[in-house]
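Colleague: You'll find input-v6.cif just under this line, and it carries mmCIF, C-alpha atoms and all ligand atoms.
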data_protein
loop_
_atom_site.label_atom_id
_atom_site.label_comp_id
_atom_site.auth_asym_id
_atom_site.auth_seq_id
_atom_site.Cartn_x
_atom_site.Cartn_y
_atom_site.Cartn_z
CA MET R 1 36.46 -103.64 -0.90
CA ASP R 2 38.38 -102.31 -3.81
CA LYS R 3 36.60 -100.34 -6.42
CA ILE R 4 38.33 -100.89 -9.70
CA GLU R 5 36.79 -99.09 -12.53
CA THR R 6 38.29 -97.78 -15.70
CA ALA R 7 36.49 -95.98 -18.41
CA PHE R 8 37.85 -97.05 -21.73
CA ALA R 9 35.09 -96.06 -24.10
CA GLY R 10 33.01 -92.97 -24.68
CA MET R 11 35.70 -90.40 -24.18
CA GLY R 12 36.40 -89.00 -27.59
CA ASP R 13 37.74 -85.56 -28.30
CA SER R 14 34.27 -84.01 -28.30
CA GLY R 15 34.74 -81.60 -25.41
CA ALA R 16 34.62 -84.30 -22.74
CA HIS R 17 37.60 -82.68 -20.99
CA ALA R 18 35.64 -80.98 -18.26
CA ASP R 19 33.72 -84.16 -17.42
CA ILE R 20 36.83 -86.33 -17.28
CA ALA R 21 38.59 -83.81 -15.05
CA GLU R 22 35.62 -83.86 -12.66
CA THR R 23 35.19 -87.60 -12.34
CA HIS R 24 38.62 -89.10 -13.02
CA ILE R 25 42.15 -88.96 -11.74
CA ALA R 26 45.31 -90.11 -13.45
CA CYS R 27 47.37 -92.80 -11.73
CA LEU R 28 50.63 -91.21 -10.58
CA SER R 29 52.63 -94.32 -11.44
CA CYS R 30 51.37 -95.08 -14.92
CA ASP R 31 49.08 -92.20 -16.02
CA THR R 32 45.98 -94.42 -16.48
CA LEU R 33 42.71 -92.50 -16.18
CA ILE R 34 40.51 -93.90 -13.44
CA ASP R 35 36.93 -93.03 -12.52
CA ILE R 36 36.80 -92.16 -8.82
CA SER R 37 33.30 -90.68 -8.68
CA GLY R 38 30.89 -92.40 -6.34
CA LEU R 39 33.26 -94.07 -3.90
CA ALA R 40 31.36 -95.19 -0.80
CA HIS R 41 32.64 -94.92 2.81
CA GLY R 42 35.69 -97.16 3.26
CA GLU R 43 36.10 -97.85 -0.47
CA ARG R 44 39.48 -97.54 -2.10
CA ALA R 45 40.39 -96.85 -5.69
CA LYS R 46 43.32 -98.86 -6.98
CA CYS R 47 44.92 -98.59 -10.37
CA PRO R 48 43.99 -101.72 -12.36
CA VAL R 49 47.13 -101.43 -14.50
CA CYS R 50 49.94 -100.97 -11.98
CA GLY R 51 48.19 -101.70 -8.67
CA ASP R 52 48.98 -98.35 -7.01
CA LEU R 53 46.54 -97.20 -4.31
CA LEU R 54 45.10 -93.90 -5.44
CA THR R 55 42.63 -92.77 -2.81
CA GLU R 56 40.41 -93.99 -0.02
CA TYR R 57 37.14 -92.27 0.76
CA ARG R 58 36.02 -91.97 4.40
CA ASP R 59 33.05 -90.00 5.74
CA ASP R 60 34.95 -89.25 8.93
CA GLY R 61 38.33 -88.42 7.36
CA VAL R 62 38.53 -84.85 8.68
CA SER R 63 37.38 -85.67 12.23
CA ARG R 64 39.89 -88.54 12.47
CA VAL R 65 42.71 -86.27 11.36
CA VAL R 66 41.67 -83.58 13.90
CA ALA R 67 41.38 -86.09 16.78
CA PHE R 68 44.74 -87.78 16.15
CA SER R 69 46.49 -84.45 15.49
CA VAL R 70 45.29 -82.89 18.76
CA ALA R 71 46.37 -85.98 20.70
CA ALA R 72 49.74 -86.00 18.93
CA VAL R 73 50.44 -82.31 19.69
CA ILE R 74 49.69 -82.84 23.42
CA LEU R 75 51.88 -85.95 23.60
CA LEU R 76 54.73 -84.19 21.79
CA ALA R 77 54.59 -81.31 24.29
CA MET R 78 54.84 -83.88 27.11
CA ALA R 79 57.70 -85.67 25.35
CA CYS R 80 59.68 -82.42 25.18
CA ALA R 81 59.06 -81.42 28.79
CA TYR R 82 59.91 -84.59 30.74
CA PRO R 83 63.18 -86.58 30.98
CA PHE R 84 63.64 -88.96 28.04
CA LEU R 85 66.24 -91.50 29.14
CA SER R 86 68.74 -91.73 32.00
CA PHE R 87 72.03 -93.55 31.97
CA LYS R 88 73.84 -94.83 35.09
CA SER R 89 77.38 -96.15 35.23
CA ALA R 90 80.15 -96.21 37.86
CA GLY R 91 77.95 -94.37 40.35
CA LEU R 92 77.40 -91.48 37.93
CA GLU R 93 74.17 -90.61 36.17
CA SER R 94 73.31 -88.59 33.09
CA VAL R 95 69.76 -87.67 32.12
CA THR R 96 68.73 -86.58 28.65
CA THR R 97 65.62 -84.93 27.28
CA LEU R 98 64.22 -85.17 23.77
CA PRO R 99 65.44 -81.71 22.71
CA GLY R 100 68.70 -82.69 24.45
CA THR R 101 69.44 -85.24 21.71
CA VAL R 102 69.47 -82.38 19.21
CA ILE R 103 71.33 -79.92 21.46
CA ALA R 104 74.12 -82.46 22.14
CA LEU R 105 74.92 -82.65 18.40
CA TYR R 106 75.02 -78.86 18.25
CA ASP R 107 77.36 -78.73 21.27
CA TYR R 108 79.79 -81.06 19.51
CA GLY R 109 79.97 -78.61 16.60
CA MET R 110 77.59 -80.41 14.25
CA ALA R 111 75.02 -77.67 13.78
CA ASP R 112 73.99 -78.98 10.34
CA LEU R 113 73.29 -82.49 11.63
CA ALA R 114 71.50 -81.06 14.69
CA PHE R 115 69.30 -79.05 12.34
CA LEU R 116 68.42 -82.12 10.24
CA VAL R 117 67.69 -84.38 13.21
CA GLY R 118 65.70 -81.66 15.01
CA SER R 119 63.64 -81.02 11.88
CA PHE R 120 62.90 -84.67 11.14
CA ILE R 121 61.88 -85.71 14.66
CA ILE R 122 60.33 -82.59 16.24
CA ALA R 123 60.03 -79.41 14.16
CA VAL R 124 58.59 -80.68 10.86
CA PRO R 125 56.10 -83.13 12.46
CA LEU R 126 54.90 -80.36 14.80
CA LEU R 127 54.59 -77.89 11.92
CA VAL R 128 52.66 -80.46 9.85
CA LEU R 129 50.25 -81.12 12.75
CA LEU R 130 49.62 -77.43 13.48
CA LEU R 131 49.11 -76.57 9.81
CA LEU R 132 46.85 -79.59 9.45
CA LEU R 133 44.66 -78.29 12.30
CA LEU R 134 44.64 -74.89 10.60
CA LEU R 135 43.52 -76.60 7.37
CA CYS R 136 40.83 -78.66 9.11
CA THR R 137 39.22 -75.73 10.97
CA PRO R 138 37.53 -74.25 7.88
CA LEU R 139 36.53 -77.75 6.74
CA VAL R 140 34.82 -78.44 10.08
CA THR R 141 33.13 -75.05 10.43
CA GLN R 142 32.30 -74.92 6.70
CA ARG R 143 33.60 -71.36 6.39
CA ARG R 144 36.00 -70.53 3.62
CA ALA R 145 39.39 -69.26 4.77
CA PRO R 146 41.98 -67.54 2.53
CA TRP R 147 44.85 -69.68 3.83
CA MET R 148 43.40 -73.06 2.88
CA ILE R 149 45.25 -73.54 -0.42
CA PRO R 150 48.75 -72.33 0.62
CA VAL R 151 48.52 -74.25 3.93
CA GLY R 152 47.39 -77.39 2.11
CA ARG R 153 50.33 -77.16 -0.27
CA ILE R 154 52.83 -76.78 2.58
CA VAL R 155 51.33 -79.70 4.54
CA PHE R 156 51.57 -82.11 1.62
CA ALA R 157 55.09 -80.97 0.73
CA LEU R 158 56.38 -81.45 4.30
CA GLN R 159 54.60 -84.76 4.91
CA HIS R 160 57.50 -86.81 3.46
CA TRP R 161 60.01 -85.20 5.80
CA CYS R 162 58.68 -86.56 9.09
CA MET R 163 60.70 -89.42 10.58
CA VAL R 164 58.85 -89.95 13.83
CA ASP R 165 58.54 -93.74 13.43
CA VAL R 166 62.17 -94.12 12.32
CA PHE R 167 63.35 -92.24 15.40
CA LEU R 168 61.35 -94.56 17.66
CA ILE R 169 63.15 -97.57 16.13
CA GLY R 170 66.42 -95.66 16.64
CA VAL R 171 65.65 -95.27 20.35
CA ILE R 172 64.99 -99.00 20.73
CA VAL R 173 68.20 -99.88 18.86
CA SER R 174 70.27 -97.55 21.05
CA LEU R 175 68.72 -99.00 24.22
CA VAL R 176 69.72 -102.52 23.24
CA LYS R 177 73.13 -101.27 22.12
CA ILE R 178 74.08 -99.81 25.49
CA ALA R 179 72.11 -102.15 27.74
CA ALA R 180 75.30 -104.17 28.31
CA MET R 181 77.31 -101.06 29.15
CA ALA R 182 75.15 -99.57 31.88
CA THR R 183 71.69 -99.27 33.40
CA VAL R 184 69.27 -97.28 31.27
CA VAL R 185 66.00 -96.00 32.70
CA LEU R 186 63.12 -94.96 30.45
CA GLY R 187 61.55 -91.60 31.36
CA ILE R 188 57.94 -90.38 30.98
CA SER R 189 58.99 -88.63 27.80
CA PHE R 190 59.89 -91.93 26.13
CA PHE R 191 56.34 -93.24 26.55
CA ALA R 192 54.89 -89.87 25.54
CA TYR R 193 56.99 -89.94 22.35
CA ALA R 194 55.91 -93.50 21.58
CA GLY R 195 52.26 -92.41 21.96
CA PHE R 196 52.97 -89.36 19.83
CA ALA R 197 54.49 -91.57 17.11
CA ILE R 198 51.36 -93.75 17.05
CA CYS R 199 48.94 -90.78 16.94
CA PHE R 200 51.05 -89.03 14.29
CA THR R 201 51.10 -92.15 12.10
CA MET R 202 47.33 -92.56 12.49
CA ALA R 203 46.74 -88.89 11.60
CA MET R 204 48.87 -89.28 8.45
CA ALA R 205 47.09 -92.53 7.53
CA SER R 206 43.70 -90.78 7.81
CA LEU R 207 44.88 -87.91 5.63
CA ASP R 208 43.94 -88.80 2.07
CA ARG R 209 45.45 -86.24 -0.24
CA LEU R 210 42.81 -86.34 -2.98
CA GLN R 211 39.83 -86.39 -0.60
CA PHE R 212 41.21 -83.38 1.29
CA TRP R 213 41.68 -81.38 -1.87
CA LEU R 214 38.17 -82.31 -3.04
CA LEU R 215 36.76 -81.00 0.27
CA VAL R 216 38.77 -77.78 -0.06
CA GLU R 217 37.64 -77.30 -3.65
CA ARG R 218 33.98 -77.96 -2.78
CA LEU R 219 34.09 -75.45 0.10
CA MET R 220 35.72 -72.76 -2.04
CA ARG R 221 33.20 -73.32 -4.85
CA ASP R 222 30.08 -73.36 -2.62
CA GLN R 223 31.04 -70.18 -0.82
CA ALA R 224 31.93 -68.41 -4.04
CA ARG R 225 28.50 -69.24 -5.44
CA GLY R 226 26.67 -67.68 -2.53
CA MET A 1 43.79 -103.55 -24.76
CA ALA A 2 44.84 -99.92 -24.90
CA ARG A 3 44.73 -98.03 -21.67
CA ASN A 4 43.21 -94.61 -21.50
CA ARG A 5 46.06 -92.41 -20.43
CA ALA A 6 45.78 -88.83 -19.23
CA ILE A 7 48.43 -87.70 -21.69
CA SER A 8 46.61 -89.19 -24.68
CA GLN A 9 43.49 -87.21 -23.60
CA HIS A 10 45.73 -84.09 -23.49
CA LEU A 11 45.40 -83.86 -19.73
CA SER A 12 48.10 -83.45 -17.12
CA CYS A 13 47.76 -84.41 -13.50
CA CYS A 14 48.70 -81.98 -10.70
CA HIS A 15 51.36 -83.56 -8.48
CA VAL A 16 50.10 -81.67 -5.42
CA CYS A 17 46.34 -82.21 -5.48
CA TYR A 18 45.84 -84.78 -8.32
CA LYS A 19 43.56 -82.47 -10.32
CA LEU A 20 43.39 -83.10 -14.05
CA ALA A 21 43.78 -80.08 -16.31
CA PRO A 22 44.40 -79.53 -20.04
CA VAL A 23 48.10 -79.86 -20.91
CA GLU A 24 48.19 -76.27 -22.18
CA SER A 25 47.60 -74.82 -18.69
CA HIS A 26 50.69 -73.81 -16.72
CA HIS A 27 49.10 -73.81 -13.28
CA CYS A 28 46.72 -76.16 -11.52
CA PRO A 29 43.16 -74.72 -11.47
CA ARG A 30 42.59 -76.15 -7.96
CA CYS A 31 45.78 -75.48 -6.00
CA GLY A 32 47.87 -73.22 -8.24
CA ALA A 33 50.94 -75.49 -8.38
CA GLY A 34 52.97 -75.62 -11.59
CA LEU A 35 51.63 -78.21 -14.05
CA HIS A 36 53.68 -80.59 -16.20
CA PRO A 37 52.45 -83.71 -18.00
CA ARG A 38 55.73 -85.38 -16.88
CA LYS A 39 58.19 -84.19 -14.24
CA PRO A 40 60.61 -81.86 -16.09
CA GLU A 41 64.10 -83.32 -16.80
CA SER A 42 63.24 -86.10 -14.41
CA THR A 43 65.90 -88.64 -15.44
CA GLN A 44 68.74 -86.08 -15.60
CA ARG A 45 67.88 -84.66 -12.17
CA THR A 46 67.59 -88.10 -10.62
CA LEU A 47 70.93 -89.18 -12.10
CA ALA A 48 72.70 -86.02 -10.90
CA LEU A 49 71.37 -86.59 -7.38
CA LEU A 50 72.30 -90.28 -7.50
CA ILE A 51 75.90 -89.46 -8.39
CA THR A 52 76.01 -86.97 -5.49
CA ALA A 53 74.68 -89.61 -3.10
CA THR A 54 77.14 -92.23 -4.36
CA LEU A 55 80.06 -89.86 -3.76
CA LEU A 56 78.77 -88.99 -0.28
CA TYR A 57 78.47 -92.67 0.58
CA ILE A 58 82.28 -93.02 0.38
CA PRO A 59 83.16 -90.65 3.29
CA ALA A 60 80.12 -92.02 5.15
CA ASN A 61 81.84 -95.42 5.23
CA ILE A 62 85.52 -94.41 5.54
CA PHE A 63 85.23 -91.95 8.45
CA PRO A 64 83.99 -92.83 11.95
CA ILE A 65 80.28 -92.31 12.60
CA MET A 66 80.90 -92.02 16.35
CA ILE A 67 83.84 -91.91 18.76
CA THR A 68 83.61 -93.56 22.19
CA GLU A 69 85.91 -92.06 24.82
CA GLN A 70 86.48 -94.27 27.82
CA PHE A 71 88.97 -93.18 30.54
CA GLY A 72 90.73 -90.92 28.05
CA ASN A 73 91.02 -93.49 25.24
CA ALA A 74 89.26 -92.58 22.00
CA LEU A 75 87.72 -95.49 20.09
CA PRO A 76 86.36 -94.47 16.68
CA SER A 77 83.88 -96.75 14.92
CA THR A 78 82.69 -96.73 11.34
CA ILE A 79 79.27 -97.94 10.16
CA LEU A 80 80.56 -101.40 9.21
CA GLY A 81 82.89 -101.49 12.23
CA GLY A 82 79.87 -100.91 14.47
CA VAL A 83 78.00 -103.80 12.82
CA ILE A 84 80.99 -106.15 13.28
CA LEU A 85 81.36 -105.07 16.93
CA LEU A 86 77.68 -105.83 17.55
CA ILE A 87 78.05 -109.31 16.00
CA ASP A 88 81.07 -109.95 18.24
CA LEU A 89 79.03 -108.89 21.27
CA GLY A 90 76.29 -111.30 20.22
CA SER A 91 73.58 -108.70 19.46
CA ILE A 92 72.70 -110.29 16.13
CA PRO A 93 69.19 -108.69 15.75
CA ILE A 94 70.53 -105.17 16.38
CA ALA A 95 73.46 -105.81 14.05
CA ALA A 96 70.94 -106.90 11.43
CA VAL A 97 68.81 -103.76 11.89
CA ILE A 98 71.86 -101.50 11.50
CA PHE A 99 73.21 -103.48 8.55
CA ILE A 100 69.86 -103.42 6.72
CA ALA A 101 69.24 -99.72 7.44
CA SER A 102 72.76 -98.41 6.80
CA VAL A 103 74.10 -100.71 4.09
CA MET A 104 71.42 -102.73 2.32
CA VAL A 105 68.74 -100.01 2.06
CA PRO A 106 70.95 -97.14 0.81
CA VAL A 107 72.98 -99.34 -1.57
CA GLY A 108 69.84 -101.11 -2.81
CA LYS A 109 68.16 -97.76 -3.31
CA LEU A 110 71.04 -96.37 -5.33
CA ILE A 111 71.22 -99.48 -7.53
CA SER A 112 67.46 -99.63 -8.11
CA LEU A 113 67.25 -95.93 -9.00
CA TYR A 114 70.21 -96.20 -11.41
CA TYR A 115 68.49 -99.19 -12.98
CA LEU A 116 65.12 -97.38 -13.20
CA CYS A 117 66.78 -94.35 -14.83
CA TRP A 118 68.34 -96.68 -17.37
CA CYS A 119 64.95 -98.36 -18.01
CA ALA A 120 63.22 -94.98 -18.38
CA HIS A 121 65.85 -93.93 -20.89
CA ARG A 122 65.61 -97.18 -22.83
CA GLN A 123 61.80 -97.30 -22.41
CA ASP A 124 61.48 -101.03 -22.54
CA GLU A 125 57.98 -102.27 -23.26
CA PHE A 126 58.12 -105.22 -20.89
CA GLY A 127 58.19 -105.34 -17.13
CA ALA A 128 56.85 -101.83 -16.49
CA ARG A 129 54.56 -103.18 -13.78
CA SER A 130 57.29 -104.85 -11.73
CA ARG A 131 59.49 -101.78 -12.17
CA SER A 132 56.66 -99.61 -10.83
CA VAL A 133 56.51 -101.84 -7.77
CA MET A 134 60.28 -101.55 -7.44
CA TYR A 135 59.99 -97.76 -7.54
CA ARG A 136 57.27 -97.72 -4.88
CA ILE A 137 59.39 -99.88 -2.55
CA THR A 138 62.42 -97.64 -3.13
CA GLU A 139 60.33 -94.58 -2.34
CA PHE A 140 58.88 -96.18 0.81
CA VAL A 141 62.08 -97.46 2.43
CA GLY A 142 64.01 -94.21 1.90
CA LYS A 143 63.62 -92.61 5.31
CA TRP A 144 64.31 -95.83 7.25
CA SER A 145 68.06 -95.60 6.65
CA MET A 146 68.15 -92.62 9.02
CA VAL A 147 68.01 -95.11 11.94
CA ASP A 148 71.79 -95.14 12.43
CA VAL A 149 72.05 -91.35 12.48
CA PHE A 150 69.31 -91.22 15.14
CA VAL A 151 71.09 -93.92 17.17
CA VAL A 152 74.25 -91.81 17.11
CA SER A 153 72.42 -88.66 18.21
CA ILE A 154 70.70 -90.51 21.09
CA LEU A 155 73.94 -92.12 22.28
CA VAL A 156 75.81 -88.81 22.08
CA ALA A 157 73.22 -87.11 24.28
CA LEU A 158 72.81 -90.03 26.67
CA VAL A 159 76.35 -91.27 27.24
CA SER A 160 78.25 -88.36 28.74
CA LEU A 161 79.73 -89.09 32.16
CA GLY A 162 82.57 -86.59 32.37
CA GLY A 163 85.97 -88.33 32.24
CA VAL A 164 84.55 -91.85 32.63
CA ILE A 165 82.76 -92.41 29.36
CA SER A 166 81.37 -90.22 26.60
CA ILE A 167 80.38 -90.57 22.95
CA ARG A 168 81.08 -87.94 20.29
CA PRO A 169 79.47 -87.83 16.81
CA GLY A 170 81.83 -88.51 13.89
CA ILE A 171 82.00 -86.78 10.51
CA ALA A 172 80.45 -89.82 8.79
CA ALA A 173 77.15 -89.11 10.55
CA ILE A 174 76.60 -85.92 8.54
CA ALA A 175 77.84 -87.58 5.32
CA PHE A 176 75.42 -90.46 5.86
CA ALA A 177 72.52 -88.11 6.68
CA GLY A 178 73.40 -86.41 3.38
CA VAL A 179 73.18 -89.73 1.53
CA VAL A 180 69.68 -90.35 2.94
CA LEU A 181 68.53 -86.82 2.18
CA VAL A 182 69.86 -86.77 -1.39
CA THR A 183 68.52 -90.25 -2.28
CA MET A 184 65.09 -89.24 -0.96
CA VAL A 185 65.09 -86.17 -3.22
CA ALA A 186 66.36 -88.36 -6.09
CA ALA A 187 63.50 -90.85 -5.64
CA ASP A 188 61.08 -87.93 -5.53
CA SER A 189 62.37 -86.39 -8.75
CA PHE A 190 62.08 -89.65 -10.70
CA ASP A 191 58.90 -89.97 -12.77
CA PRO A 192 57.61 -93.59 -12.79
CA ARG A 193 55.24 -92.81 -15.68
CA LEU A 194 58.28 -92.75 -17.97
CA LEU A 195 58.50 -96.52 -17.42
CA TRP A 196 55.14 -96.95 -19.12
CA ASP A 197 55.36 -94.43 -21.93
CA ARG A 198 57.01 -96.59 -24.59
CA GLU A 199 54.35 -99.29 -24.43
CA GLU A 200 51.65 -96.84 -25.51
CA THR A 201 53.65 -95.09 -28.20
CA ALA A 202 54.30 -98.48 -29.77
CA GLU A 203 50.59 -99.31 -29.84
CA GLU A 204 49.36 -96.03 -31.21
ZN ZN U 301 46.87 -78.98 -7.97
#
As a first step, turn the structure in this file into structure tokens.
Ligand SMILES: [Zn+2]

Modeller:
Amino acid sequence: MDKIETAFAGMGDSGAHADIAETHIACLSCDTLIDISGLAHGERAKCPVCGDLLTEYRDDGVSRVVAFSVAAVILLAMACAYPFLSFKSAGLESVTTLPGTVIALYDYGMADLAFLVGSFIIAVPLLVLLLLLLLCTPLVTQRRAPWMIPVGRIVFALQHWCMVDVFLIGVIVSLVKIAAMATVVLGISFFAYAGFAICFTMAMASLDRLQFWLLVERLMRDQARG
Amino acid sequence: MARNRAISQHLSCCHVCYKLAPVESHHCPRCGAGLHPRKPESTQRTLALLITATLLYIPANIFPIMITEQFGNALPSTILGGVILLIDLGSIPIAAVIFIASVMVPVGKLISLYYLCWCAHRQDEFGARSRSVMYRITEFVGKWSMVDVFVVSILVALVSLGGVISIRPGIAAIAFAGVVLVTMVAADSFDPRLLWDREETAEE
């Protein structure tokens, strides 16, 4: 169900600015103005000129984000606490944890790389999830909070810098790579991280940037009025 | 048929929250972010970052990405060396994953962004749609080239059995992580709307 609607006519220079700004958005790829007012649950707005997906409206957007974020935070905590993988060869065994993959790089004198990897796979995703919960609380309780706008800006800036899914592929590749060399045993943490990656991806998929900002704006406006 | 563009209605779109505001305003009325009708000096910034990434890609391929130490012998392997080793061992699918993520994606990304910068500069009136698609693909695949760096960090942590066998990270790992990081910022600083601008100016 794609709602494709462009308003070509009836928008002269006669002070229609305010109305256009309320009902339209500009496509980020080609700058076409598109009417996004009146999207029903599950409807998407796509740009008719370049085909870019602009926004998807869902009634349950906020509750989906909260549910997946809470699940993801719990699974990430589990993934950090339990053993991740263990490696056995020649009667010797080494066990690694998830934070251990970052610490090992640091121990070999690559603090900069350790910082990047640690940020992409643990720190930034965790920060995004916690800030997202902080942003959703006022939206759920319908009480305006002063931190909504700065927190929203940080969340959407950091969103690109999460590589949870890429890391999961990296784990699978490394398992296959050393399977011939030795016996590798998957720990609880591996399954917890896989679950975390799924919940995190679902939370991000439910987070529609425009719809969130519209909710924030509406809450700020309603409370300001009285 | 002429499209109705935000810029021809004297509106600019906030890149943070997608709010439309008159071009004269410096800050977004909804979220307070700085407003520009087009990303400032987009092509120059993207090109500068692309050149940085291209230069970083050289050490990333010359130096070893990881060093395997077995019974005291150090065996360094580069990105391409690792791919060739995997093919020799018969792990064709894994070799393909590493080759796509570490060679095809970053090189393809660099080439497509150079090409898009050239198109934006030339402002060709044809093919803006397919170039927009090209840009979206480039933007989407960016982070997937980190796979090899993650593989190295997992192997380094996992394979450490005292004097028997251990894996150390090589200098190419940080150079390659730099390539990924810089190309992601380059893709972000490119403004795809520049690809469409000429078409409209010609019609008006
Ligand atoms: Zn804004």

Colleague: To one decimal place in Å, what is the distance between CA of Phe68 (chain R) and CA of Phe120 (chain R)?

Modeller: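 Interatomic distance, CA of Phe68 (chain R) to CA of Phe120 (chain R): 19.1 Å.
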
Colleague: List all protein, DNA and RNA residues that have any atom at most 7 Å from ligand ZN 301 (chain U), counting all atoms listed in the file, and write the list as a PDB file with C-alpha atoms, in the coordinates of the input.

Modeller:
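Dumped to pocket.pdb:
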ATOM      1  CA  CYS A  14      48.700 -81.980 -10.700  1.00  0.00           C
ATOM      2  CA  HIS A  15      51.360 -83.560  -8.480  1.00  0.00           C
ATOM      3  CA  VAL A  16      50.100 -81.670  -5.420  1.00  0.00           C
ATOM      4  CA  CYS A  17      46.340 -82.210  -5.480  1.00  0.00           C
ATOM      5  CA  TYR A  18      45.840 -84.780  -8.320  1.00  0.00           C
ATOM      6  CA  LYS A  19      43.560 -82.470 -10.320  1.00  0.00           C
ATOM      7  CA  CYS A  28      46.720 -76.160 -11.520  1.00  0.00           C
ATOM      8  CA  PRO A  29      43.160 -74.720 -11.470  1.00  0.00           C
ATOM      9  CA  ARG A  30      42.590 -76.150  -7.960  1.00  0.00           C
ATOM     10  CA  CYS A  31      45.780 -75.480  -6.000  1.00  0.00           C
ATOM     11  CA  GLY A  32      47.870 -73.220  -8.240  1.00  0.00           C
ATOM     12  CA  ALA A  33      50.940 -75.490  -8.380  1.00  0.00           C
TER      13      ALA A  33
END

Colleague: Which residue is closest to Gly61 (chain R)? Choose from R:Gly118, R:Gly42, R:Pro48, R:Gly152 and count all atoms listed in the file.

Modeller: R:Gly42

Colleague: Can you find the residues with an atom no farther than 12 Å from (58.7, -89.1, 26.6), counting only C-alpha atoms, and report them as a VMD selection string?

Modeller: chain R and resid 74 to 86 96 to 99 168 171 185 to 197

Colleague: I want to know what sits within 12 Å of Ala74 (chain A), based on only C-alpha atoms, with residues of the same chain fewer than 6 positions away left out; could you give that as a PDB file with C-alpha atoms, in the coordinates of the input?

Modeller:
ATOM      1  CA  PRO A  64      83.990 -92.830  11.950  1.00  0.00           C
ATOM      2  CA  MET A  66      80.900 -92.020  16.350  1.00  0.00           C
ATOM      3  CA  ILE A  67      83.840 -91.910  18.760  1.00  0.00           C
ATOM      4  CA  THR A  68      83.610 -93.560  22.190  1.00  0.00           C
ATOM      5  CA  GLY A 163      85.970 -88.330  32.240  1.00  0.00           C
ATOM      6  CA  VAL A 164      84.550 -91.850  32.630  1.00  0.00           C
ATOM      7  CA  ILE A 165      82.760 -92.410  29.360  1.00  0.00           C
ATOM      8  CA  SER A 166      81.370 -90.220  26.600  1.00  0.00           C
ATOM      9  CA  ILE A 167      80.380 -90.570  22.950  1.00  0.00           C
ATOM     10  CA  ARG A 168      81.080 -87.940  20.290  1.00  0.00           C
ATOM     11  CA  GLY A 170      81.830 -88.510  13.890  1.00  0.00           C
TER      12      GLY A 170
END

Colleague: Using all atoms listed in the file, tabulate the residues of chain A lying at most 6 Å from any atom of chain R, each with its closest atom pair and that distance in Å to one decimal, by chain and increasing residue number, as CSV.

Modeller:
residue,atom,partner,partner_atom,distance
A:Asn4,CA,R:Thr32,CA,5.7
A:Arg5,CA,R:Thr32,CA,4.4
A:Ala6,CA,R:Leu33,CA,5.7
A:Cys17,CA,R:Trp213,CA,6.0
A:Leu20,CA,R:Ala21,CA,5.0
A:Cys31,CA,R:Ile149,CA,5.9
A:Arg129,CA,R:Cys50,CA,5.4
A:Trp144,CA,R:Val166,CA,5.8
A:Val147,CA,R:Gly170,CA,5.0
A:Phe150,CA,R:Gly170,CA,5.5
A:Val151,CA,R:Gly170,CA,5.0
A:Ser153,CA,R:Thr101,CA,5.7
A:Ile154,CA,R:Thr101,CA,5.5
A:Ala157,CA,R:Thr101,CA,4.9
A:Leu158,CA,R:Thr96,CA,5.7
A:Ile174,CA,R:Leu113,CA,5.7
A:Pro192,CA,R:Ser29,CA,5.2
A:Arg193,CA,R:Cys30,CA,4.6
A:Trp196,CA,R:Cys30,CA,5.9

Colleague: Just checking: using all atoms listed in the file, which residue out of A:Thr46, A:Ser8, A:Ser91, A:Gln70 ends up closest to Ser160 (chain A)?

Modeller: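 Of the candidates, the smallest distance to Ser160 (chain A) is held by A:Gln70.
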
Colleague: For Pro138 (chain R), please output as a count of residues only all residues within 10 Å (counting all atoms listed in the file; exclusion window: fewer than 4 positions along the same chain).

Modeller: 11

Colleague: What does the structure give for the distance between CA of Ile198 (chain R) and CA of Val124 (chain R), in Å to one decimal?

Modeller: 16.2 Å

Colleague: Mind pulling up the distance from CA of Ala45 (chain R) to CA of Val141 (chain A)?

Modeller: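 Interatomic distance, CA of Val141 (chain A) to CA of Ala45 (chain R): 23.2 Å.
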
Colleague: Write out as an MDAnalysis selection string which residues come within 12 Å of region 57-60 of chain A when counting all atoms listed in the file, dropping same-chain ones fewer than 2 positions away.

Modeller: chainID A and resid 50:55 62:66 77:80 102:103 106:107 110 148:149 170:183

Colleague: Within 12 Å of Arg64 (chain R), counting only C-alpha atoms, which residues show up once you throw out same-chain ones fewer than 6 positions away? Write them as JSON, numbers by chain, please.

Modeller: {"R": [58, 70, 71, 132, 133, 136, 140, 199, 200, 201, 202, 203, 204, 205, 206, 207, 208]}

Colleague: Box time for region 105-123 of chain R: axis-aligned, enclosing all its listed atoms, 5 Å extra on each side; report centre and edge lengths in Å to one decimal, as AutoDock Vina command-line options.

Modeller:
--center_x 70.0 --center_y -81.7 --center_z 15.8 --size_x 29.9 --size_y 18.0 --size_z 21.0

Colleague: Smallest atom-to-atom distance to Arg136 (chain A): which of A:Ile87, A:Leu161, A:Cys117, A:Phe190, using all atoms listed in the file?

Modeller: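 Between A:Ile87, A:Leu161, A:Cys117, A:Phe190, the residue approaching Arg136 (chain A) most closely is A:Phe190.
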